[in-house]
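Everything on this sheet refers to the single structure shown next.
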Amino acid sequence: MQVRFPEDERFPSWKITFLEYCVAAVFIGLLVGYWRLQIQQHTRLLEQAEHNRIRDLPIIAPRGRILDRYGRVLVDNFPSFTILLNRDNAQQLSNAHLEKIASALELDPADVRDMIKRAANLPRYQPVVLKQAASLKDVAFLDAHKSEFPEIDIIQSQQRFYPKHGIGAAVLGYVGEVSQADLSKPGSNYRPGDLIGKFGIEKEYNSVLRGRDGMKRVVVNSRGQEVGTLGTVNALPGHDLRLTLDLNLQLTAEAALGDRPGAVVALDPRTGQVLAMVSHPTFDPNDFTHHISLKQWRELTTNPLHPLMNKAIQAQLAPGSIFKIITGTAALETGTITPDFTVHCDGEVKIYGHTFHGWTYWEHLPGHGAVDLHRGIVHSCDIYFYTLGKMLGIRKIDYFADHLGLGHRTGIDLPDEDSGLIPSPAWVRKVFHRQWWPGETISVAIGQGAVQVTPLQVAYAIGGIASGGTFVRPHLAFTQELENLGADPPADPITHFPLHAATVQAVTSGMWGVVNEPGGTGAGARCRGLDVAGKTGTAQVVSTALHNSSHKAIYRNNAWFVGYSPSPNPDIVVSVLVMQGQHSSVAAPIAGDVIKAYYQEKGTKQTPAQLLSQVTTKTKPAATVPDP
Amino acid sequence: MRNSLHFHDFDWVLFGLALTIAGVGLVEIYSTTTQTALAGQFKKQIYWILLGCALTFIVSQMDYHMFLVHIPWLYVLSVLALVAVLLIGPRVAGTHRWLQLGGFTLQVSELVKLVIILAVAATFTKRRNRAFTWGELAKLGLLAGVPGILVAIEPDLGTALTFLPIVAAGAFLAGIRRRQIMVLGLVGLLALPAGWFVLRPYQRQRLEAFIHPGKNTQGSSYQVTQTKIAIGSGGLWGRGLGKGTQSQLGFIPVSHADAIFAAFAEERGFIGTLAVFLVYVILLLRLLEGAKTATDQAGSFLLIGFASVLFFQVAVNVGMMIGLFPITGIPLPLMSEGGSSMLFIFLGLGLVMSVKMQRFVN
């Protein structure tokens, strides 16, 4: 085959030149494109490249432990894992991808989206906590699928571990995820998902217990694997906090109250140290460390017995006959009566044209006959104290109730303490816009009507009276140790309201009789070989008529008992509230148990150091252990 | 014709420009693979370049007219080889692109480019400067279309697309008329929706990512997002060899192959970009200038066709790194790692040399 190759014919050279211009033009265009990225957007893109490879992983500071007065561990930590989501290189995490993450971690996709939304205005390099206390299953799964989820990191963290069965839960409190409100506080150094004390000691001393998180800056590759470390800032662990609580007494009190709703407070009136504080029903703080389920939360918040309340400082109820000690003290101190002042009790008395019945009337018992102050206290004679109430008038009762520690917060180092209420003409005018009815004074005199106290206030007031008028602010943390930790201890813990020795003698001997004399209402608190004294109280929650006609539990009387030992000048005072207990006789033995346990521990004649050595914990003893 | 080997007419400048780019590419391949499991690629690439040089010299000594004479057989052989790839080629990541030949794999479609250039050049041997007919247009379309479709089925849309500039250059030089361009444009427009359904899901994603780059930066737009970050972070002077975090830490996929220019721009900066662009432009312009003085239209077209493929590949590859084109598997000529691509370029250079030396012989 002959093929001709015409040599004389060439392409028109303008066509080739045209192609040359095309080449040049396109390259100039490309060069402009590269100029824009490499010169104009260099800073921004370099930053993005750094964000790609640099990841700041928080090193979670372990929270300080909470110890009892002998250094026994009440709240501990155990190592766990936290799962973080990085948002650096994921300018927009697609919904599909988020759903994949959520299903891998068994989370609700809506929750995950919400978490990311809440963190939207935080710097991108701050990771979002997806899951606290991740299971080993989660961790193993993520490890195996690292390349699918390059934006997920797993870090070591500490999980809070509380005593089982809600022991001390109301005092110790719980931790939970920091709220939006806390996050947006100026100067807040919290990140979403951080833990913060939400209740009780955990909340009150959050700043002491919380450490300072550290940070590790690492280089990661495109699959999210760490290939190097650029720098580390170590975490500063939180301080251990020693409380005045005595675990033995706490356990005794918890057991003594059992599953009845109510509260127990044990106080050393000489120092104000709280030895035990119980509130039932309660909750398991361990539930709050992870995300508490909605069902659990509903159960806790809708329970009519309010498990999430610390009834020792938040239950404001009428004290009933315990208030007679206040009325009696006021009558003696003002000179209104002497201890020998006698009233004849036949079960009822007519004052201001109205007939007031004593409790014997309702129990169909005969009256007390001739009653002096001692018998009045021992038998809790209503008629006697009605008479004192009328003689004193509301202003004097109010004055003494206030100065003996009622009607205002004791100032204990716990959040959300309630103040209780001592009704007064001014209060009635302000709230009900009416005049004070003289008959109300009569009710107040026996601790009924609008009088409201907390179990802590009862222990504080009676302890103070039995100590001759020295009221020491109740507290749970040792002041000296707080100072050492750099926290602000509260100022001026002692309030003096000196009482006459004769008054203290008369009132305390009455209270001794309550427990130890025949016919005393508090015999249940009697302890062999101990000088226990106290006062009972039975407080109506509804009118007598309604109470007698209905058998509903919520209409039942609240039972009170406050006991102390020795009498006077006690080492320990215990107040007990048994809600719906109906009769004060159920409360007295609880106080007896706690007082017995207190002296049993003392009776072992062991120094705190010896006690400590028996306690099998890893904790090192606090520097100074005061004599209990 | 000629009896002895002689190299005094050999275009050493052109050859030197090509080797310069290949050298720059080699260094970048070394930088991006030396710390990885692909550390052996660097040496392999050297062997391919050396083999390529040898082939350039050998082909330059042959008369290109000989290839034009035998083009029908070469063409049929190529089509058969492409069919063989589909039938017996090993399946790699869901595609059939290679033929197993002894110890190495050959990407047939790379060499087919050369055959198509030759085939289109051959059409210029018989036509004087007469008008460009519809029949000729159809013939050109078939020449590139048959292998193009076979390659697209593999699937390797990127390589199939590189056949287009050859035909386009051919039609342009043969004098395509305005009406023909308009009809082609209309047909293309009508075929666009149909084309969408022919695309594989991953190809559609890439196209969508190209149209909406900010939409899904973790998914389909991930590559472009990351290459842009890499290029931009290079700045004026670059982050230094082996210090480009994007390429070294694996944020740029295939940073030694298709995406090598992103890695290069990250480590060598705008200065490096500018320098390599200059070398490419000089190389392309030198090819086109050479086309002006070739002895005949066929020889002239060999240079233009070769230049058009190189230009298309460089422009698309470098352009897709900064989001100007959708991501397709088109290697950067002379820089990307890959033996078949190197073979195509050095064989092409051999043909070009053959054309250039011919004009002094006759």
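How things are named: the first chain in the structure tokens is A, the next is B, and so on; residues count from 1 in each chain; ligands count from 1 in the order shown.
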
Skipping near chain neighbours, those fewer than 5 positions away, what residues fall within 7 Å of Pro319 (chain A) using only C-alpha atoms, listed as a ChimeraX atom specification?
/A:447,452-453,537,539,560

Secondary structure check, helix (DSSP H, G or I) residues of region 63-293 of chain B, as number ranges by chain:
B: 64-69, 71-88, 108-123, 134-153, 157-161, 163-174, 178-198, 201-211, 222-234, 245-248, 260-292

B:Leu334, B:Ala169, B:Leu55, B:Leu17: which is nearest chain A, counting only C-alpha atoms?
B:Ala169

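Distances to Gln107 (chain B) were evaluated for B:Gly339, B:Gly94, B:Gly240, B:Gly269 using only C-alpha atoms, and the minimum falls at B:Gly339.
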
Select, as a PyMOL selection string, those residues of chain A with any atom no more than 6 Å from chain B (distances computed using only C-alpha atoms).
chain A and resi 5+7+10+37-39+42+45-46+221-222

Calculated over only C-alpha atoms, which of the candidates B:Tyr75, B:Trp98, B:Tyr47, B:Trp134 has the smallest distance to Val120 (chain B)?
B:Tyr75

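Computed from the coordinates, the CA of Gly449 (chain A) to CA of Leu421 (chain A) distance equals 10.6 Å.
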